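Undergrad: File entry_29.txt below, compact mmCIF, C-alpha atoms and all ligand atoms:
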```txt
# COMPACT_ATOMS: atom_id res chain seq x y z
CA MET P 177 -34.09 34.32 11.35
CA ALA P 178 -35.54 32.02 14.02
CA GLY P 179 -33.04 30.41 16.45
CA GLU P 180 -29.29 29.90 16.22
CA LEU P 181 -27.52 29.17 12.93
CA LEU P 182 -26.91 25.39 12.82
CA SER P 183 -23.59 25.74 11.01
CA VAL P 184 -21.99 27.69 8.18
CA GLU P 185 -21.89 24.52 6.05
CA HIS P 186 -25.57 23.86 6.64
CA CYS P 187 -26.40 27.39 5.61
CA LEU P 188 -24.26 27.17 2.45
CA GLU P 189 -25.74 23.81 1.53
CA ASN P 190 -29.25 25.16 1.94
CA HIS P 191 -28.75 28.31 -0.09
CA LEU P 192 -26.15 27.75 -2.81
CA PRO P 193 -26.75 26.02 -6.13
CA GLU P 194 -24.74 22.77 -6.50
CA GLN P 195 -21.97 24.09 -8.79
CA GLU P 196 -21.38 27.23 -6.74
CA LEU P 197 -21.41 25.21 -3.52
CA LYS P 198 -18.66 23.01 -4.93
CA GLU P 199 -16.52 26.01 -5.85
CA VAL P 200 -17.12 27.76 -2.52
CA LYS P 201 -16.14 24.59 -0.66
CA ARG P 202 -12.98 24.27 -2.77
CA ILE P 203 -12.02 27.88 -1.85
CA LEU P 204 -12.86 27.42 1.82
CA TYR P 205 -11.56 23.91 2.43
CA GLY P 206 -9.13 23.07 -0.41
CA ARG P 207 -9.16 20.04 -2.67
CA GLU P 208 -11.94 17.58 -2.04
CA HIS P 209 -10.79 14.03 -1.28
CA VAL P 210 -12.85 11.44 -3.05
CA VAL P 211 -13.86 8.80 -0.56
CA VAL P 212 -15.52 5.78 -2.10
CA ARG P 213 -17.21 2.96 -0.25
CA ILE P 214 -16.35 -0.37 -1.85
CA GLY P 215 -18.22 -3.63 -1.21
CA LEU P 216 -16.95 -7.13 -2.01
CA VAL P 217 -19.27 -10.15 -1.90
CA GLN P 218 -18.12 -13.72 -1.34
CA ASN P 219 -20.64 -16.54 -1.17
CA SER P 220 -21.36 -20.22 -1.44
CA ILE P 221 -23.82 -21.61 -3.96
CA ALA P 222 -27.47 -21.57 -2.91
CA ALA P 223 -28.91 -24.84 -4.29
CA GLU P 224 -27.66 -28.37 -4.98
CA THR P 225 -25.68 -28.71 -8.22
CA THR P 226 -28.23 -31.36 -9.25
CA ALA P 227 -31.10 -28.85 -9.25
CA PRO P 228 -32.31 -27.45 -12.61
CA VAL P 229 -30.16 -24.61 -13.93
CA ALA P 230 -32.99 -22.07 -13.56
CA VAL P 231 -33.49 -23.08 -9.91
CA GLN P 232 -29.78 -22.80 -9.11
CA ARG P 233 -29.49 -19.40 -10.76
CA SER P 234 -32.61 -18.01 -9.17
CA ALA P 235 -31.47 -19.18 -5.71
CA LEU P 236 -28.23 -17.24 -6.27
CA HIS P 237 -30.13 -14.22 -7.57
CA ASN P 238 -32.14 -14.21 -4.33
CA LYS P 239 -29.11 -14.60 -2.11
CA ILE P 240 -27.15 -11.87 -3.88
CA SER P 241 -30.13 -9.50 -3.94
CA ARG P 242 -30.31 -9.78 -0.14
CA ILE P 243 -26.57 -9.17 0.25
CA THR P 244 -26.80 -6.21 -2.15
CA GLU P 245 -29.57 -4.72 -0.01
CA ALA P 246 -27.28 -5.07 3.01
CA ALA P 247 -24.50 -3.35 1.04
CA ALA P 248 -26.88 -0.52 0.18
CA SER P 249 -27.75 -0.08 3.84
CA CYS P 250 -24.00 0.32 4.50
CA GLY P 251 -23.83 3.07 1.86
CA VAL P 252 -21.72 1.08 -0.61
CA ASN P 253 -21.00 2.99 -3.85
CA VAL P 254 -19.33 0.20 -5.86
CA LEU P 255 -20.11 -3.47 -5.32
CA CYS P 256 -18.35 -6.43 -6.93
CA TYR P 257 -19.51 -10.06 -6.89
CA GLN P 258 -17.31 -13.16 -7.24
CA GLU P 259 -16.27 -14.80 -10.52
CA ALA P 260 -19.12 -16.60 -12.35
CA TRP P 261 -21.38 -15.80 -9.42
CA THR P 262 -24.57 -17.17 -10.99
CA MET P 263 -23.36 -20.78 -11.07
CA PRO P 264 -21.38 -23.48 -9.32
CA PHE P 265 -17.76 -23.55 -10.47
CA ALA P 266 -18.36 -26.60 -12.63
CA PHE P 267 -15.41 -26.18 -14.98
CA CYS P 268 -13.57 -28.94 -13.10
CA THR P 269 -15.99 -31.52 -14.52
CA ARG P 270 -15.15 -30.94 -18.21
CA GLU P 271 -18.81 -31.77 -18.92
CA LYS P 272 -20.50 -29.36 -21.30
CA GLN P 273 -24.01 -30.03 -20.02
CA PRO P 274 -25.74 -28.66 -18.13
CA TRP P 275 -23.04 -26.14 -17.22
CA CYS P 276 -22.96 -24.22 -20.54
CA GLU P 277 -26.65 -23.50 -19.92
CA PHE P 278 -25.61 -21.02 -17.24
CA ALA P 279 -24.10 -18.75 -19.90
CA GLU P 280 -26.14 -15.66 -20.69
CA GLU P 281 -25.93 -12.46 -22.71
CA ALA P 282 -23.83 -9.75 -21.06
CA ASP P 283 -25.92 -6.84 -22.32
CA PHE P 284 -29.46 -8.06 -21.70
CA GLY P 285 -29.41 -11.48 -19.98
CA PRO P 286 -31.50 -12.10 -16.85
CA THR P 287 -28.57 -11.51 -14.49
CA THR P 288 -27.68 -8.19 -16.08
CA GLN P 289 -31.33 -7.16 -15.91
CA LEU P 290 -31.38 -7.98 -12.19
CA CYS P 291 -28.16 -6.03 -11.61
CA GLN P 292 -29.55 -3.05 -13.52
CA GLU P 293 -32.57 -2.97 -11.20
CA LEU P 294 -30.37 -3.24 -8.12
CA ALA P 295 -27.86 -0.64 -9.35
CA GLN P 296 -30.58 1.89 -10.05
CA LYS P 297 -32.53 1.16 -6.88
CA TYR P 298 -29.47 1.55 -4.66
CA ASN P 299 -27.55 4.18 -6.70
CA MET P 300 -24.62 1.76 -6.77
CA VAL P 301 -22.15 0.69 -9.47
CA ILE P 302 -22.30 -3.11 -9.74
CA VAL P 303 -19.58 -5.34 -11.18
CA SER P 304 -21.19 -8.62 -12.18
CA PRO P 305 -18.88 -11.43 -13.35
CA ILE P 306 -20.78 -14.08 -15.35
CA LEU P 307 -20.28 -16.80 -17.92
CA GLU P 308 -21.21 -14.88 -21.07
CA ARG P 309 -22.94 -16.23 -24.18
CA ASP P 310 -22.22 -13.96 -27.14
CA SER P 311 -24.91 -14.94 -29.62
CA ILE P 312 -23.88 -12.27 -32.13
CA HIS P 313 -20.50 -13.98 -32.50
CA GLY P 314 -21.55 -17.57 -33.04
CA ASP P 315 -22.59 -18.24 -29.46
CA THR P 316 -19.03 -17.84 -28.25
CA LEU P 317 -18.69 -18.20 -24.49
CA TRP P 318 -16.54 -15.83 -22.48
CA ASN P 319 -15.72 -15.30 -18.83
CA THR P 320 -16.92 -11.73 -18.46
CA ALA P 321 -17.51 -8.99 -15.93
CA VAL P 322 -20.39 -6.66 -16.77
CA VAL P 323 -20.09 -3.18 -15.29
CA ILE P 324 -23.40 -1.51 -14.53
CA SER P 325 -23.50 2.19 -13.76
CA ASN P 326 -25.29 3.54 -10.70
CA ASN P 327 -27.97 4.87 -13.05
CA GLY P 328 -28.74 1.29 -14.12
CA HIS P 329 -27.16 1.45 -17.57
CA VAL P 330 -24.73 -1.19 -18.76
CA LEU P 331 -21.47 0.74 -18.93
CA GLY P 332 -19.66 -2.09 -20.67
CA LYS P 333 -17.99 -5.46 -20.25
CA THR P 334 -14.50 -6.82 -19.86
CA ARG P 335 -13.40 -10.39 -20.50
CA LYS P 336 -10.93 -12.66 -18.72
CA ASN P 337 -7.58 -12.49 -20.48
CA HIS P 338 -5.73 -15.47 -19.04
CA ILE P 339 -7.29 -18.93 -18.81
CA PRO P 340 -5.97 -21.41 -16.24
CA ARG P 341 -4.54 -24.75 -17.24
CA VAL P 342 -3.73 -26.01 -13.77
CA GLY P 343 -5.17 -28.72 -11.52
CA ASP P 344 -8.91 -29.05 -11.96
CA PHE P 345 -9.23 -25.60 -13.51
CA ASN P 346 -9.98 -26.86 -17.03
CA GLU P 347 -11.58 -23.64 -18.13
CA SER P 348 -10.41 -23.53 -21.75
CA THR P 349 -12.99 -26.29 -22.35
CA TYR P 350 -15.68 -23.70 -21.76
CA TYR P 351 -14.74 -20.20 -22.91
CA MET P 352 -12.27 -18.23 -25.00
CA GLU P 353 -9.39 -15.94 -24.05
CA GLY P 354 -10.77 -12.41 -23.65
CA ASP P 355 -10.63 -9.91 -26.52
CA THR P 356 -11.44 -6.71 -24.63
CA GLY P 357 -7.88 -5.83 -23.62
CA HIS P 358 -7.56 -3.80 -20.45
CA VAL P 359 -10.66 -1.61 -20.38
CA VAL P 360 -11.09 0.95 -17.62
CA PHE P 361 -14.56 2.20 -16.72
CA GLN P 362 -14.99 5.81 -15.70
CA THR P 363 -17.79 5.85 -13.12
CA GLN P 364 -19.15 8.45 -10.76
CA PHE P 365 -17.12 6.73 -8.02
CA GLY P 366 -13.77 6.44 -9.76
CA ARG P 367 -12.06 4.59 -12.60
CA LEU P 368 -12.60 0.84 -12.28
CA ALA P 369 -11.18 -2.22 -13.98
CA VAL P 370 -11.61 -5.97 -13.53
CA ASN P 371 -8.78 -8.51 -13.63
CA ILE P 372 -10.64 -11.82 -13.53
CA CYS P 373 -9.21 -14.60 -11.34
CA TYR P 374 -6.19 -16.32 -12.93
CA GLY P 375 -5.12 -12.95 -14.42
CA ARG P 376 -3.85 -12.12 -10.93
CA HIS P 377 -0.83 -14.37 -11.50
CA HIS P 378 0.24 -12.14 -14.40
CA PRO P 379 1.83 -8.89 -13.19
CA GLN P 380 1.61 -7.42 -16.71
CA ASN P 381 -2.17 -7.91 -16.68
CA TRP P 382 -2.44 -5.93 -13.45
CA MET P 383 0.01 -3.42 -14.88
CA MET P 384 -2.02 -2.65 -18.01
CA TYR P 385 -5.11 -1.68 -16.01
CA GLY P 386 -2.88 0.77 -14.16
CA VAL P 387 -1.35 2.06 -17.39
CA ASN P 388 -4.88 2.73 -18.62
CA GLY P 389 -5.70 4.77 -15.52
CA ALA P 390 -7.55 2.43 -13.14
CA GLU P 391 -7.88 3.57 -9.54
CA ILE P 392 -9.64 0.42 -8.30
CA VAL P 393 -9.06 -3.02 -9.82
CA PHE P 394 -11.34 -5.89 -8.81
CA ASN P 395 -10.12 -9.47 -8.95
CA PRO P 396 -13.22 -11.68 -8.78
CA SER P 397 -11.96 -15.23 -8.35
CA ALA P 398 -12.76 -18.86 -7.71
CA THR P 399 -9.82 -20.71 -6.28
CA VAL P 400 -9.20 -23.55 -3.85
CA GLY P 401 -7.00 -23.92 -0.81
CA GLY P 402 -4.88 -26.80 -2.09
CA LEU P 403 -3.82 -24.76 -5.09
CA SER P 404 -3.41 -21.06 -4.41
CA GLU P 405 -3.86 -20.09 -0.77
CA PRO P 406 -0.17 -19.29 -0.14
CA LEU P 407 -0.26 -16.85 -3.10
CA TRP P 408 -3.59 -15.23 -2.23
CA ALA P 409 -2.46 -12.65 0.30
CA ILE P 410 0.50 -11.61 -1.81
CA GLU P 411 -0.68 -11.13 -5.37
CA ALA P 412 -3.42 -8.49 -5.14
CA ARG P 413 -1.50 -6.67 -2.43
CA ASN P 414 1.63 -6.56 -4.53
CA ALA P 415 -0.41 -5.37 -7.53
CA ALA P 416 -1.78 -2.49 -5.45
CA ILE P 417 1.75 -1.47 -4.47
CA ALA P 418 3.32 -1.87 -7.92
CA ASN P 419 0.55 -0.03 -9.76
CA SER P 420 -0.48 2.63 -7.21
CA TYR P 421 -4.15 1.65 -7.16
CA PHE P 422 -6.58 -0.22 -4.91
CA ALA P 423 -6.75 -3.97 -5.61
CA CYS P 424 -9.75 -5.99 -4.42
CA ALA P 425 -9.43 -9.77 -4.26
CA ILE P 426 -12.67 -11.79 -4.01
CA ASN P 427 -12.97 -15.56 -3.70
CA ARG P 428 -16.01 -17.79 -3.31
CA VAL P 429 -16.59 -20.04 -0.27
CA GLY P 430 -17.60 -23.62 0.36
CA THR P 431 -17.17 -27.02 -1.23
CA GLU P 432 -19.23 -27.70 -4.34
CA VAL P 433 -20.14 -31.32 -5.00
CA PHE P 434 -21.00 -32.39 -8.55
CA PRO P 435 -23.27 -35.21 -9.72
CA ASN P 436 -20.60 -37.15 -11.67
CA GLU P 437 -17.08 -38.09 -10.73
CA PHE P 438 -14.17 -36.50 -12.55
CA THR P 439 -10.42 -37.01 -12.31
CA SER P 440 -7.64 -34.49 -11.93
CA ALA P 441 -5.53 -36.42 -14.48
CA ASP P 442 -2.93 -37.06 -11.79
CA GLY P 443 -3.42 -40.78 -11.26
CA LYS P 444 -5.37 -40.19 -8.05
CA PRO P 445 -8.92 -41.52 -7.53
CA ALA P 446 -11.84 -39.83 -9.25
CA HIS P 447 -13.87 -37.52 -7.03
CA LYS P 448 -16.96 -35.31 -7.07
CA ASP P 449 -15.75 -32.07 -5.56
CA PHE P 450 -13.21 -29.40 -6.39
CA GLY P 451 -11.89 -28.84 -2.88
CA HIS P 452 -12.51 -25.95 -0.55
CA PHE P 453 -13.02 -22.42 -1.91
CA TYR P 454 -11.43 -20.45 0.89
CA GLY P 455 -13.04 -16.98 0.66
CA SER P 456 -10.60 -14.59 2.42
CA SER P 457 -11.59 -11.62 0.25
CA TYR P 458 -9.71 -8.40 0.98
CA VAL P 459 -8.83 -4.93 -0.28
CA ALA P 460 -5.24 -3.70 -0.62
CA ALA P 461 -4.27 -0.04 -0.88
CA PRO P 462 -1.51 1.54 -2.98
CA ASP P 463 0.56 2.24 0.15
CA GLY P 464 0.67 -1.51 0.89
CA SER P 465 -1.87 -1.48 3.71
CA ARG P 466 -4.81 -3.87 3.49
CA THR P 467 -8.05 -4.82 5.19
CA PRO P 468 -8.40 -8.03 7.14
CA GLY P 469 -9.73 -10.87 5.03
CA LEU P 470 -13.30 -12.16 5.19
CA SER P 471 -13.98 -15.63 6.57
CA ARG P 472 -12.49 -18.78 4.96
CA ASN P 473 -15.85 -20.54 4.97
CA LYS P 474 -18.75 -18.14 5.43
CA ASP P 475 -20.63 -15.87 3.07
CA GLY P 476 -19.52 -12.30 3.57
CA LEU P 477 -19.76 -8.68 2.57
CA LEU P 478 -16.62 -6.61 3.01
CA VAL P 479 -17.26 -2.88 3.18
CA THR P 480 -14.34 -0.50 3.18
CA GLU P 481 -13.85 3.20 2.51
CA VAL P 482 -11.04 4.22 0.22
CA ASP P 483 -9.63 7.66 -0.54
CA LEU P 484 -8.80 7.62 -4.24
CA ASN P 485 -6.44 10.53 -3.76
CA LEU P 486 -4.07 8.06 -2.09
CA CYS P 487 -3.25 6.72 -5.58
CA ARG P 488 -1.65 10.04 -6.54
CA GLN P 489 -0.06 10.58 -3.12
CA VAL P 490 1.69 7.21 -3.36
CA LYS P 491 2.73 7.86 -6.98
CA ASP P 492 4.31 11.14 -5.90
CA HIS P 493 6.00 9.55 -2.89
CA TRP P 494 7.37 6.33 -4.35
CA GLY P 495 7.44 7.22 -8.05
CA PHE P 496 6.84 3.60 -9.10
CA ARG P 497 4.74 4.66 -12.07
CA MET P 498 7.13 7.42 -13.06
CA THR P 499 10.16 5.10 -12.92
CA GLN P 500 8.60 2.01 -14.46
CA ARG P 501 10.42 2.43 -17.82
CA LEU P 502 7.62 1.18 -20.04
CA ASP P 503 9.69 2.23 -23.07
CA LEU P 504 12.48 -0.17 -22.08
CA TYR P 505 10.10 -3.10 -21.65
CA ALA P 506 8.07 -2.29 -24.77
CA SER P 507 11.13 -2.63 -26.96
CA SER P 508 12.57 -5.63 -25.03
CA LEU P 509 9.27 -7.51 -25.21
CA SER P 510 8.75 -6.70 -28.89
CA ALA P 511 12.10 -8.36 -29.53
CA ALA P 512 11.51 -11.29 -27.13
CA ILE P 513 8.31 -12.44 -28.84
CA MET P 514 9.97 -12.84 -32.25
CA PRO P 515 10.57 -16.48 -33.31
CA ASN P 516 14.25 -15.84 -34.00
CA TYR P 517 14.88 -14.08 -30.68
CA GLN P 518 18.29 -14.60 -29.07
CA PRO P 519 18.28 -13.74 -25.33
CA PRO P 520 21.27 -11.51 -24.47
CA ILE P 521 23.06 -14.10 -22.33
CA VAL P 522 26.74 -13.46 -21.85
CA ARG P 523 28.61 -16.76 -21.53
CA ASP P 524 32.02 -17.44 -20.17
CA SER P 525 33.96 -18.65 -23.22
CA CYS P 526 36.53 -20.59 -21.16
N1 LIG P 601 -10.99 -19.39 -11.87
C1 LIG P 601 -9.69 -19.41 -12.02
O1 LIG P 601 -9.14 -18.77 -12.92
N2 LIG P 601 -9.01 -20.18 -11.15
C2 LIG P 601 -7.67 -20.52 -11.33
C3 LIG P 601 -7.03 -20.91 -10.08
C4 LIG P 601 -6.22 -19.84 -9.49
O2 LIG P 601 -5.80 -18.93 -10.20
O3 LIG P 601 -5.96 -19.90 -8.31
```
Could you quickly redo this structure as structure tokens?
TA:
Amino acid sequence: MAGELLSVEHCLENHLPEQELKEVKRILYGREHVVVRIGLVQNSIAAETTAPVAVQRSALHNKISRITEAAASCGVNVLCYQEAWTMPFAFCTREKQPWCEFAEEADFGPTTQLCQELAQKYNMVIVSPILERDSIHGDTLWNTAVVISNNGHVLGKTRKNHIPRVGDFNESTYYMEGDTGHVVFQTQFGRLAVNICYGRHHPQNWMMYGVNGAEIVFNPSATVGGLSEPLWAIEARNAAIANSYFACAINRVGTEVFPNEFTSADGKPAHKDFGHFYGSSYVAAPDGSRTPGLSRNKDGLLVTEVDLNLCRQVKDHWGFRMTQRLDLYASSLSAAIMPNYQPPIVRDSC
């Protein structure tokens, strides 16, 4: 043998077949900790809202392709974009046209095709939240996240369960309440789920992804400072703690100005913008720690490494999942949703 041995590991890696190497490493070093590099993307729109739909979408495709390349150069394994990333957040307008034209098929639309190319090229799982057009079911629109495996295949889709009816978030005008339940996607880099935007105000929505085994739950959002900023830092972080998983909150940035005025039905003057989308994307861990947030007004890519084994360590330490008494709540809730339900309120008869 020429020269000094570089290291035992190097020698093993060079000479052992993959499966045996794994087993030898387990015997030598103990259980392998799964470290996953997560990327979150927050961005402003890339063209005027008056530009043709195809121009607006392609400008966003270009911007996001560049950010995805940057994520790849940081070694990101799983990348998630913001809610309805291919379009301005036009739901405030209540106009159907041209905004419904942004909807596209989840399985084979142009955005999914782009994400498939990127996922395969960079060996990266991509979570791509879009406005979905489901032509098989009567052209129904949904607010959907498409999950693309790192081999470029569409792993599946999950739809937004809770639709906001607050302020200018008039989203029920555009798409239906999701019908995919609380799907969890087993990927090479862990079990992922997606709780889209307004679902973050519903602890039971977060909870169900945990019940179904998620280790990382993304919350791609679009929300404005005047409405939700005081809640932002709390909700995903609390979800991570309560459910012993990693929670990743993503919000878009900038102020989007629309061609026609709309009102907020509050007696105040009509206006053309939604307010400021405040970014501030972050990742929270099951032990309650969190990353700093991204900027309130700049495009950003947050890259963070997470050890998925922390989910189990925290479960064993705190026991929140073990003590959560799902049986108690299942029977209480089954009773509470009945039309003739009488809440067990004990009243003072005097
Ligand atoms: N997109 C969306 O669901 N926004 C609702 C506003 C919020 O939840 O802060």
Undergrad: If the box runs along x, y and z of the file and leaves 6 Å on each side of ligand LIG 601 (chain P), what are its centre and edge lengths in Å, one decimal, as JSON?
TA:
```
{"center_x": -8.4, "center_y": -19.8, "center_z": -10.6, "size_x": 17.2, "size_y": 14.1, "size_z": 16.6}
```
Undergrad: List as a list of chain:residue names the protein and nucleic acid residues lying within 6 Å of ligand LIG 601 (chain P), with all atoms listed in the file counted.
TA: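 Sorted by chain and then by number, the residues are P:Pro340, P:Phe345, P:Cys373, P:Tyr374, P:Ser397, P:Ala398, P:Thr399, P:Ser404.
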Undergrad: Distance CA of Thr225 (chain P)-CA of Thr431 (chain P), one decimal place?
TA: 11.1 Å
Undergrad: Around (-17.4, -11.8, 1.1) in the file's frame, which residues reach within 8 Å when counting only C-alpha atoms? Return as a list in words?
TA: Leu216, Val217, Gln218, Asn219, Ile426, Asn427, Arg428, Gly455, Ser456, Ser457, Leu470, Ser471, Lys474, Asp475, Gly476, Leu477 and Leu478 of chain P
Undergrad: Got a sec: who's within 9 Å of region 209-214 of chain P, counting all atoms listed in the file, leaving out chain neighbours fewer than 2 positions off, as an MDAnalysis selection string?
TA: chainID P and resid 207 216 250:256 365:366 459 478:485
Undergrad: Choose the residue, out of P:Ala418, P:Val400, P:Leu192, P:Ile521, that has the smallest atom-to-atom separation from Asn381 (chain P); count only C-alpha atoms.
TA: P:Ala418
Undergrad: Nearest to Glu347 (chain P): which of P:Ala248, P:Tyr298, P:Ala461, P:Cys268 is it, counting all atoms listed in the file?
TA: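 Smallest distance to Glu347 (chain P) is found for P:Cys268.
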Undergrad: Would you mind listing what lies within 6 Å of Glu281 (chain P) as JSON, numbers by chain, with all atoms listed in the file counted and same-chain residues fewer than 2 positions away left out?
TA: {"P": [283, 284, 285, 308, 309, 310]}
Undergrad: Out of P:Val323, P:Leu407, P:Leu317, P:Ala412, which residue has the shortest atom-to-atom distance to Met383 (chain P) when counting all atoms listed in the file?
TA: P:Ala412
